Each structure stands twice: as C-alpha cells, then as structure tokens.
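Reproduced below: coords-v8.csv, with CSV, C-alpha atoms and all ligand atoms.
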```csv
chain,number,residue,atom,x,y,z
A,199,MET,CA,140.8,46.9,113.8
A,200,GLN,CA,137.3,45.5,113.2
A,201,ILE,CA,134.6,47.4,111.3
A,202,LYS,CA,130.9,46.6,112.1
A,203,PRO,CA,128.4,48.4,109.9
A,204,LEU,CA,125.3,49.5,111.8
A,205,THR,CA,123.0,49.9,108.7
A,206,CYS,CA,123.5,49.5,105.0
A,207,ALA,CA,123.0,53.2,104.6
A,208,ILE,CA,125.3,54.9,107.1
A,209,GLY,CA,127.4,54.3,110.2
A,210,ALA,CA,129.9,51.7,111.5
A,211,GLU,CA,131.3,50.8,114.8
A,212,ILE,CA,135.1,50.5,115.0
A,213,VAL,CA,136.3,47.9,117.5
A,214,GLY,CA,139.7,47.1,118.8
A,215,VAL,CA,141.2,50.6,118.4
A,216,ASP,CA,142.6,53.1,120.9
A,217,LEU,CA,142.2,56.6,119.4
A,218,ALA,CA,145.1,57.9,121.5
A,219,GLU,CA,147.3,55.5,119.6
A,220,ALA,CA,146.0,56.9,116.3
A,221,VAL,CA,147.6,60.2,117.2
A,222,ARG,CA,151.0,58.7,116.7
A,223,ASN,CA,150.3,55.8,114.3
A,224,ASP,CA,149.9,57.0,110.7
A,225,ASP,CA,148.6,53.6,109.3
A,226,LEU,CA,145.9,53.4,112.0
A,227,PHE,CA,144.9,57.0,111.4
A,228,GLY,CA,144.7,56.4,107.7
A,229,ALA,CA,142.5,53.4,108.2
A,230,ILE,CA,140.1,55.3,110.5
A,231,ARG,CA,139.9,58.2,107.9
A,232,GLU,CA,139.2,55.8,105.1
A,233,THR,CA,136.5,54.0,107.2
A,234,LEU,CA,135.0,57.4,108.0
A,235,LEU,CA,134.7,58.4,104.3
A,236,ARG,CA,133.1,55.0,103.5
A,237,HIS,CA,130.6,54.9,106.3
A,238,ARG,CA,130.1,58.7,106.9
A,239,VAL,CA,130.1,58.4,110.7
A,240,VAL,CA,132.1,56.0,112.9
A,241,PHE,CA,131.6,55.1,116.5
A,242,LEU,CA,134.0,53.7,119.2
A,243,ARG,CA,133.3,52.7,122.8
A,244,ASN,CA,135.6,52.9,125.9
A,245,GLN,CA,137.9,55.6,124.7
A,246,ARG,CA,139.5,56.8,127.9
A,247,PHE,CA,141.6,59.5,126.5
A,248,SER,CA,142.5,62.9,128.0
A,249,ARG,CA,141.2,66.2,126.6
A,250,ALA,CA,144.6,66.9,125.2
A,251,GLU,CA,144.5,63.5,123.4
A,252,HIS,CA,141.0,64.3,122.1
A,253,VAL,CA,142.3,67.6,120.6
A,254,ALA,CA,145.5,65.9,119.3
A,255,PHE,CA,143.5,63.2,117.5
A,256,ALA,CA,141.1,65.6,115.9
A,257,ARG,CA,144.0,67.8,114.8
A,258,ARG,CA,145.2,65.0,112.6
A,259,PHE,CA,142.3,65.8,110.3
A,260,GLY,CA,143.0,69.5,110.2
A,261,GLU,CA,142.8,72.8,112.2
A,262,LEU,CA,140.1,73.1,114.9
A,263,GLU,CA,137.7,75.9,115.5
A,264,ASP,CA,135.7,77.2,118.4
A,265,HIS,CA,132.0,78.0,118.3
A,266,PRO,CA,130.9,81.7,118.7
A,267,VAL,CA,127.9,80.8,120.9
A,268,ALA,CA,128.7,77.4,122.6
A,269,GLY,CA,131.7,77.8,124.9
A,270,SER,CA,135.0,75.9,124.6
A,271,ASP,CA,137.2,74.3,127.3
A,272,PRO,CA,139.5,77.3,128.3
A,273,GLU,CA,142.5,75.0,128.6
A,274,HIS,CA,141.8,73.2,125.3
A,275,PRO,CA,140.8,75.7,122.6
A,276,GLY,CA,138.9,74.0,119.8
A,277,LEU,CA,137.1,71.6,122.3
A,278,VAL,CA,133.5,72.9,122.4
A,279,ARG,CA,131.5,72.0,125.5
A,280,ILE,CA,127.9,70.8,124.8
A,281,TYR,CA,126.8,70.6,128.4
A,282,LYS,CA,123.0,70.4,129.1
A,283,SER,CA,121.6,70.4,132.6
A,284,PRO,CA,118.2,71.0,134.3
A,285,ASP,CA,119.4,74.6,134.9
A,286,GLN,CA,118.9,75.3,131.2
A,287,PRO,CA,115.4,73.9,130.7
A,288,ASN,CA,114.8,76.1,127.6
A,289,ASP,CA,118.0,75.4,125.8
A,290,ARG,CA,116.7,74.1,122.5
A,291,TYR,CA,120.0,74.1,120.5
A,292,GLU,CA,121.3,71.0,118.7
A,293,ASN,CA,117.7,70.0,118.3
A,294,CYS,CA,117.3,70.3,114.6
A,295,TRP,CA,118.8,68.4,111.6
A,296,HIS,CA,121.9,70.2,110.6
A,297,SER,CA,125.5,70.0,109.4
A,298,ASP,CA,127.8,71.9,111.7
A,299,ALA,CA,128.6,75.6,110.9
A,300,THR,CA,127.2,75.8,107.4
A,301,TRP,CA,126.7,79.4,108.3
A,302,ARG,CA,130.5,79.8,107.8
A,303,ALA,CA,132.0,80.5,104.4
A,304,ALA,CA,134.1,77.3,104.9
A,305,PRO,CA,132.0,74.9,107.0
A,306,GLN,CA,133.5,72.1,109.1
A,307,PHE,CA,135.0,69.0,107.4
A,308,GLY,CA,134.0,66.9,110.4
A,309,ALA,CA,134.0,66.5,114.1
A,310,VAL,CA,135.1,64.2,116.9
A,311,LEU,CA,132.5,64.1,119.7
A,312,ARG,CA,133.1,62.3,123.1
A,313,CYS,CA,130.5,61.6,125.7
A,314,VAL,CA,131.5,62.7,129.2
A,315,GLN,CA,128.2,62.1,130.9
A,316,SER,CA,125.2,60.4,129.4
A,317,PRO,CA,121.6,60.5,130.8
A,318,PRO,CA,120.3,57.2,132.2
A,319,VAL,CA,117.9,57.0,129.3
A,320,GLY,CA,117.6,59.0,126.1
A,321,GLY,CA,120.0,61.6,124.6
A,322,ASP,CA,120.9,59.6,121.5
A,323,THR,CA,122.2,61.3,118.4
A,324,MET,CA,121.0,60.5,114.9
A,325,TRP,CA,122.9,61.0,111.6
A,326,ALA,CA,121.6,61.1,108.0
A,327,ASN,CA,123.6,60.2,104.8
A,328,MET,CA,123.1,63.2,102.5
A,329,ALA,CA,125.0,61.6,99.6
A,330,LEU,CA,122.3,58.9,99.6
A,331,ALA,CA,119.6,61.5,100.1
A,332,TYR,CA,120.8,63.2,96.9
A,333,GLU,CA,121.2,60.0,95.0
A,334,ARG,CA,117.6,58.9,95.8
A,335,LEU,CA,116.0,62.2,94.7
A,336,PRO,CA,113.7,62.0,91.7
A,337,ASP,CA,115.6,63.0,88.5
A,338,THR,CA,113.2,65.9,87.9
A,339,VAL,CA,114.2,67.3,91.3
A,340,LYS,CA,117.9,66.8,90.6
A,341,THR,CA,117.5,68.8,87.4
A,342,GLN,CA,115.5,71.5,89.1
A,343,ILE,CA,118.2,72.1,91.8
A,344,ALA,CA,121.4,71.6,89.8
A,345,ASP,CA,122.3,75.2,89.7
A,346,LEU,CA,120.6,76.5,92.8
A,347,ARG,CA,122.4,78.3,95.7
A,348,ALA,CA,121.2,78.9,99.2
A,349,ARG,CA,121.9,81.2,102.2
A,350,HIS,CA,122.8,79.8,105.6
A,351,SER,CA,122.5,81.9,108.7
A,352,ILE,CA,123.8,81.9,112.2
A,353,GLU,CA,121.6,85.0,112.8
A,354,ALA,CA,118.4,83.1,112.1
A,355,SER,CA,119.4,80.1,114.2
A,356,PHE,CA,121.7,80.7,117.2
A,357,GLY,CA,121.0,84.4,117.0
A,358,ALA,CA,117.2,84.3,116.9
A,359,ALA,CA,116.6,84.2,120.6
A,360,MET,CA,119.2,86.9,121.4
A,361,PRO,CA,118.3,90.5,122.1
A,362,ARG,CA,118.4,92.5,118.9
A,363,GLU,CA,121.8,94.2,119.5
A,364,LYS,CA,123.5,91.0,120.3
A,365,ARG,CA,121.9,89.3,117.3
A,366,LEU,CA,123.1,92.0,114.9
A,367,ALA,CA,126.6,91.9,116.4
A,368,LEU,CA,126.7,88.2,115.8
A,369,LYS,CA,125.6,88.7,112.2
A,370,ALA,CA,128.2,91.4,111.7
A,371,GLN,CA,130.9,89.0,112.8
A,372,PHE,CA,129.4,86.0,110.9
A,373,PRO,CA,127.6,87.3,107.8
A,374,ASP,CA,125.3,84.7,106.1
A,375,ALA,CA,127.1,82.3,103.9
A,376,GLU,CA,126.0,81.2,100.4
A,377,HIS,CA,126.6,77.6,99.3
A,378,PRO,CA,125.5,75.4,96.4
A,379,VAL,CA,122.4,73.3,97.1
A,380,VAL,CA,124.2,70.3,95.7
A,381,ARG,CA,127.9,70.3,96.7
A,382,THR,CA,130.7,68.0,95.5
A,383,HIS,CA,132.5,66.0,98.2
A,384,PRO,CA,136.2,67.1,98.0
A,385,ASP,CA,137.5,63.6,98.9
A,386,THR,CA,135.0,61.2,97.2
A,387,GLY,CA,133.7,63.4,94.3
A,388,GLU,CA,130.1,62.4,95.3
A,389,LYS,CA,127.2,64.9,95.0
A,390,ILE,CA,125.7,65.9,98.4
A,391,LEU,CA,122.4,67.5,99.1
A,392,TYR,CA,123.5,70.5,101.1
A,393,VAL,CA,120.6,72.3,102.8
A,394,ASN,CA,119.8,72.0,106.4
A,395,GLY,CA,118.3,73.7,109.5
A,396,PHE,CA,120.6,76.7,109.0
A,397,THR,CA,119.4,77.3,105.4
A,398,THR,CA,117.0,80.3,105.1
A,399,HIS,CA,116.3,80.6,101.4
A,400,PHE,CA,117.6,80.1,97.8
A,401,THR,CA,119.5,83.1,96.4
A,402,ASN,CA,119.0,82.5,92.7
A,403,PHE,CA,115.6,80.9,92.4
A,404,HIS,CA,113.7,83.9,91.0
A,405,THR,CA,114.6,83.5,87.3
A,406,PRO,CA,112.2,83.6,84.3
A,407,ASP,CA,112.5,79.8,83.8
A,408,ARG,CA,111.1,79.2,87.3
A,409,VAL,CA,108.9,82.2,88.0
A,410,ARG,CA,106.1,83.3,85.6
A,411,PHE,CA,104.8,86.0,87.9
A,412,GLY,CA,106.2,87.4,91.1
A,413,GLN,CA,103.7,85.4,93.2
A,414,ASP,CA,105.2,82.1,92.0
A,415,ALA,CA,108.5,82.9,93.6
A,416,ASN,CA,107.9,82.6,97.4
A,417,PRO,CA,105.7,79.5,97.6
A,418,GLY,CA,107.7,77.8,94.8
A,419,ALA,CA,111.0,78.4,96.5
A,420,ALA,CA,109.8,77.8,100.1
A,421,ASP,CA,108.0,74.5,99.2
A,422,LEU,CA,111.1,73.2,97.3
A,423,LEU,CA,113.5,74.2,100.2
A,424,ARG,CA,111.2,72.5,102.8
A,425,TYR,CA,111.1,69.3,100.7
A,426,LEU,CA,114.9,69.2,100.3
A,427,VAL,CA,115.5,70.0,104.0
A,428,SER,CA,113.0,67.2,104.9
A,429,GLN,CA,115.1,64.5,103.1
A,430,ALA,CA,117.3,64.2,106.3
A,431,TYR,CA,114.2,63.1,108.2
A,432,ILE,CA,113.8,59.9,106.2
A,433,PRO,CA,114.6,56.9,108.4
A,434,GLU,CA,116.2,54.8,105.6
A,435,PHE,CA,119.0,57.4,105.4
A,436,GLN,CA,119.7,57.4,109.1
A,437,VAL,CA,121.6,55.7,111.9
A,438,ARG,CA,121.0,56.3,115.7
A,439,TRP,CA,123.7,56.0,118.4
A,440,ARG,CA,123.2,55.3,122.1
A,441,TRP,CA,125.8,57.1,124.2
A,442,GLU,CA,127.8,55.9,127.2
A,443,PRO,CA,130.6,57.8,128.9
A,444,ASP,CA,133.8,57.5,126.8
A,445,SER,CA,131.9,56.7,123.6
A,446,VAL,CA,133.1,58.7,120.6
A,447,ALA,CA,131.6,59.6,117.3
A,448,ILE,CA,133.6,60.9,114.3
A,449,TRP,CA,131.5,62.2,111.4
A,450,ASP,CA,132.0,63.6,107.9
A,451,ASN,CA,130.2,66.9,108.2
A,452,THR,CA,130.1,67.3,104.4
A,453,ALA,CA,128.2,64.1,103.7
A,454,THR,CA,125.9,64.0,106.8
A,455,GLN,CA,123.5,65.9,109.0
A,456,HIS,CA,122.8,65.1,112.6
A,457,TYR,CA,120.2,65.6,115.3
A,458,ALA,CA,120.8,65.3,119.0
A,459,VAL,CA,117.5,64.0,120.5
A,460,MET,CA,116.3,66.1,123.4
A,461,ASP,CA,114.4,63.4,125.2
A,462,TYR,CA,116.3,63.4,128.5
A,463,PRO,CA,115.4,66.6,130.5
A,464,PRO,CA,115.6,66.9,133.5
A,465,CYS,CA,118.7,64.8,133.4
A,466,HIS,CA,122.3,65.9,132.6
A,467,ARG,CA,124.1,65.3,129.4
A,468,LYS,CA,127.7,66.4,128.8
A,469,MET,CA,129.5,66.1,125.4
A,470,GLU,CA,132.8,67.6,124.1
A,471,ARG,CA,133.2,68.2,120.4
A,472,ALA,CA,136.4,69.0,118.4
A,473,GLY,CA,135.2,70.6,115.1
A,474,ILE,CA,137.6,70.4,112.2
A,475,ILE,CA,137.8,73.3,109.7
A,476,GLY,CA,136.8,72.4,106.2
A,477,ASN,CA,136.8,73.8,102.6
A,478,VAL,CA,134.7,76.3,100.8
A,479,PRO,CA,131.9,74.2,99.2
A,480,PHE,CA,131.9,73.8,95.4
B,1,LIG,C1,126.3,68.5,117.6
B,1,LIG,O1,125.2,68.9,117.1
B,1,LIG,O2,127.4,68.7,117.1
B,1,LIG,C2,126.3,67.8,118.9
B,1,LIG,C3,125.6,66.5,118.8
B,1,LIG,C4,125.3,65.9,120.2
B,1,LIG,O3,125.4,66.6,121.2
B,1,LIG,O4,125.0,64.7,120.2
```
Write out the structure in this file as structure tokens.
Ligand code: SIN
Amino acid sequence: MQIKPLTCAIGAEIVGVDLAEAVRNDDLFGAIRETLLRHRVVFLRNQRFSRAEHVAFARRFGELEDHPVAGSDPEHPGLVRIYKSPDQPNDRYENCWHSDATWRAAPQFGAVLRCVQSPPVGGDTMWANMALAYERLPDTVKTQIADLRARHSIEASFGAAMPREKRLALKAQFPDAEHPVVRTHPDTGEKILYVNGFTTHFTNFHTPDRVRFGQDANPGAADLLRYLVSQAYIPEFQVRWRWEPDSVAIWDNTATQHYAVMDYPPCHRKMERAGIIGNVPF
C-alpha cells in the first residue's frame, strides 16, 4: 500500500489497494483507517467492486444510514444514490460546504463515495480540513467561541424548497440538532471547528458578557457565525479531487467539510455514498 499526499493540509491517494480485499483483511482495513484519520480524506482509483462489496467495506467502520431526502439503492440499504441528470436542472443540493447530516443528533462518522458515472469535464468534489481551520483561528476568536453551541437544521436546508406541510413533517421527524461550535474528535482528541451550511444560529450567544443591549445580539451572532462558516472556503485548507468511474473517496466527516462543484450541467453525474453513523458530538 502506497500513500501519496495530495497537499500538506489534507488528502492522500492510496495506491496498490483493492478495497474489496479490505472487507476480509483486518490489517489492510486498519492501515486504511489510520491513513484516513491522518489525512482526513483518502482517494483510490480503479475500484471495480460490487454494490454489496461497497456496503460491506463501509460497514467495517460502523452501521450505515439512509438519507431522508436523497433515495437509496432499494437492494442495498445504506447506499445513497446521488444521481444528477439534465432532467433535474434546478437540483441545487450538495452545492454548499457541509459535513454530512449534522442536522442529526449523532452526525455521520464518515462516508465511502464511489463514482459510477463522471461528466466529461467538471463535477469535482472539494474537502476542507476543519481541524486545521480551528487551529489557524486567531486566539481571540478561539476564546470567544469556546463555549458556544449552535443549531443545525434539515428543515432550513433540504426542507426549504418543499411545500410547507412536507417541510413541517420533515422537521417533526428530524428536529433541529444542537452541537458544540468546537467539537473534540473522538479518535484523535483534536479540536474541530464544527459549523457548516446546515448551521442556522448560535443557541447560547445572548449572554450579558456578549450582549450589552438587545440590538447587539443579532448582528454580533450572525457576523461571527458567517465568519466561522467561511473558514471552509479558504483554499489553504482544501483539496480538490477529479472523478473517474470507479474512483472512491473515503472521508472523516467529523474533521472535514466538502463541496460537490456543480459545474457540469447539462451532463450526467452518478455517485453512490455509504454514510457511516457516528457519535453525539462533545
Ligand atoms: C456529498 O455531499 O456527500 C456528495 C459529494 C459528491 O457528490 O461529490
């Protein structure tokens, strides 16, 4: 197994490995997991495995979950289909910086994404290292956000374009989640900046030490949240991956955010993602 870092900040390509083999081989799986934790996202090319093998490999990390809005393969529960075609010209989802499913009380640990069909040009995915984003924050900001918590909403993201009844039903099923703005990585102990495109507001900003008069609260909180969310946009924290059919990305969803670049319509793009259930952030 060869590991080729793609930047000094995030991302490595793993060469000489067959992921189907890692389903049975504990040493190989352990080495892939360790590489993932070190580089945050790892990439492999020419992985010609079946959907059953895709699910079996991802299951080595933990239980899988479906997505309430994006459909799954009916024969392989846990394998979410991210299929974009010219028939869905207004489908804007996946096109914001996010960590998957932070609107859940226990967001995903990570995901294994395979490219089934890539557009002839475009359709790359980008990832940002949110441990590095935290580390590089000014000390004054680190102090300011140390005890803050924030709300994450499926209603305000996937639900926003739905008719009201459907949106409210989605919210009833998946009430907004509250997470620390700075979470601790359960495996590495690192601090992670943990706000993204699903985050709507801080829940404990409005205290006497931060807010002199009521009118301080909204602009103060909104400007700070916007600044924190924008850290993922900084190129020095990012890696960008060009897809081919049978390329695979495996990412640590706790320590990263990602952005699927929507620069390929009217072409097709088909991806399949196994999302691995994670822990309640602390
Ligand atoms: C995702 O947001 O999980 C999917 C990324 C992609 O389609 O490249």
Compute the set of protein, DNA and RNA residues whose minimum atom distance to ligand LIG 1 (chain B) is at most 9 Å, using all atoms listed in the file, and state it as a PDB file with C-alpha atoms, keeping the file's coordinate frame.
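Once everything was written out, this is part-v8.pdb:
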```pdb
ATOM      1  CA  ILE A 280     127.900  70.800 124.800  1.00  0.00           C
ATOM      2  CA  TYR A 281     126.800  70.600 128.400  1.00  0.00           C
ATOM      3  CA  TYR A 291     120.000  74.100 120.500  1.00  0.00           C
ATOM      4  CA  GLU A 292     121.300  71.000 118.700  1.00  0.00           C
ATOM      5  CA  ASN A 293     117.700  70.000 118.300  1.00  0.00           C
ATOM      6  CA  CYS A 294     117.300  70.300 114.600  1.00  0.00           C
ATOM      7  CA  TRP A 295     118.800  68.400 111.600  1.00  0.00           C
ATOM      8  CA  HIS A 296     121.900  70.200 110.600  1.00  0.00           C
ATOM      9  CA  SER A 297     125.500  70.000 109.400  1.00  0.00           C
ATOM     10  CA  ASP A 298     127.800  71.900 111.700  1.00  0.00           C
ATOM     11  CA  ALA A 309     134.000  66.500 114.100  1.00  0.00           C
ATOM     12  CA  VAL A 310     135.100  64.200 116.900  1.00  0.00           C
ATOM     13  CA  LEU A 311     132.500  64.100 119.700  1.00  0.00           C
ATOM     14  CA  ARG A 312     133.100  62.300 123.100  1.00  0.00           C
ATOM     15  CA  CYS A 313     130.500  61.600 125.700  1.00  0.00           C
ATOM     16  CA  GLY A 321     120.000  61.600 124.600  1.00  0.00           C
ATOM     17  CA  ASP A 322     120.900  59.600 121.500  1.00  0.00           C
ATOM     18  CA  THR A 323     122.200  61.300 118.400  1.00  0.00           C
ATOM     19  CA  MET A 324     121.000  60.500 114.900  1.00  0.00           C
ATOM     20  CA  TRP A 439     123.700  56.000 118.400  1.00  0.00           C
ATOM     21  CA  TRP A 441     125.800  57.100 124.200  1.00  0.00           C
ATOM     22  CA  ALA A 447     131.600  59.600 117.300  1.00  0.00           C
ATOM     23  CA  GLN A 455     123.500  65.900 109.000  1.00  0.00           C
ATOM     24  CA  HIS A 456     122.800  65.100 112.600  1.00  0.00           C
ATOM     25  CA  TYR A 457     120.200  65.600 115.300  1.00  0.00           C
ATOM     26  CA  ALA A 458     120.800  65.300 119.000  1.00  0.00           C
ATOM     27  CA  VAL A 459     117.500  64.000 120.500  1.00  0.00           C
ATOM     28  CA  ARG A 467     124.100  65.300 129.400  1.00  0.00           C
ATOM     29  CA  LYS A 468     127.700  66.400 128.800  1.00  0.00           C
ATOM     30  CA  MET A 469     129.500  66.100 125.400  1.00  0.00           C
ATOM     31  CA  GLU A 470     132.800  67.600 124.100  1.00  0.00           C
ATOM     32  CA  ARG A 471     133.200  68.200 120.400  1.00  0.00           C
ATOM     33  CA  GLY A 473     135.200  70.600 115.100  1.00  0.00           C
TER      34      GLY A 473
END
```
**Message:** Here is a test: counting all atoms listed in the file, which residue of A:Ala250, A:Met460, A:Ala415, A:Val240 is nearest to Pro317 in chain A?
**Reply:**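 Result for the nearest residue to Pro317 in chain A: A:Met460.
Using only C-alpha atoms, the nearest neighbour of Val215 in chain A within the list A:Val446, A:Val253, A:Ala348, A:Tyr425 is A:Val446.
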**Item:** Selected residue of minimal separation from Gly260 in chain A among A:Trp301, A:Phe396, A:Phe307, A:Phe480, counting all atoms listed in the file
**Value:**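 Among the listed residues, A:Phe307 lies closest to Gly260 in chain A.
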**Message:** Neighbouring residues of Glu333 in chain A were defined as those with any atom within 9 Å, considering only C-alpha atoms; residues of the same chain fewer than 6 positions away were excluded. Please report them as a PyMOL selection string.
**Reply:** chain A and resi 340+389-391
**Asked** Could you work out how far CA of Gly395 in chain A lies from CA of Glu376 in chain A, giving the answer in Å with one decimal?
**Response**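 The value is 14.1 Å.
CA of His237 in chain A is found 22.7 Å from CA of Ala304 in chain A.
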**Prompt:** CA of Ala218 in chain A and CA of Arg257 in chain A are how many Å apart?
**Reply:**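 Value for the CA of Ala218 in chain A-CA of Arg257 in chain A distance: 12.0 Å.
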**Item:** Shortest interatomic distance to Arg279 in chain A - which of A:Ile201, A:Glu442, A:Ala329, A:Ala472, counting only C-alpha atoms
**Value:** A:Ala472
**Asked** Between A:Gln200, A:Gln371, A:Gln315, A:Asn394, which one has atoms that come closest to Thr300 in chain A, using only C-alpha atoms?
**Response**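 Closest to Thr300 in chain A of all the choices is A:Asn394.
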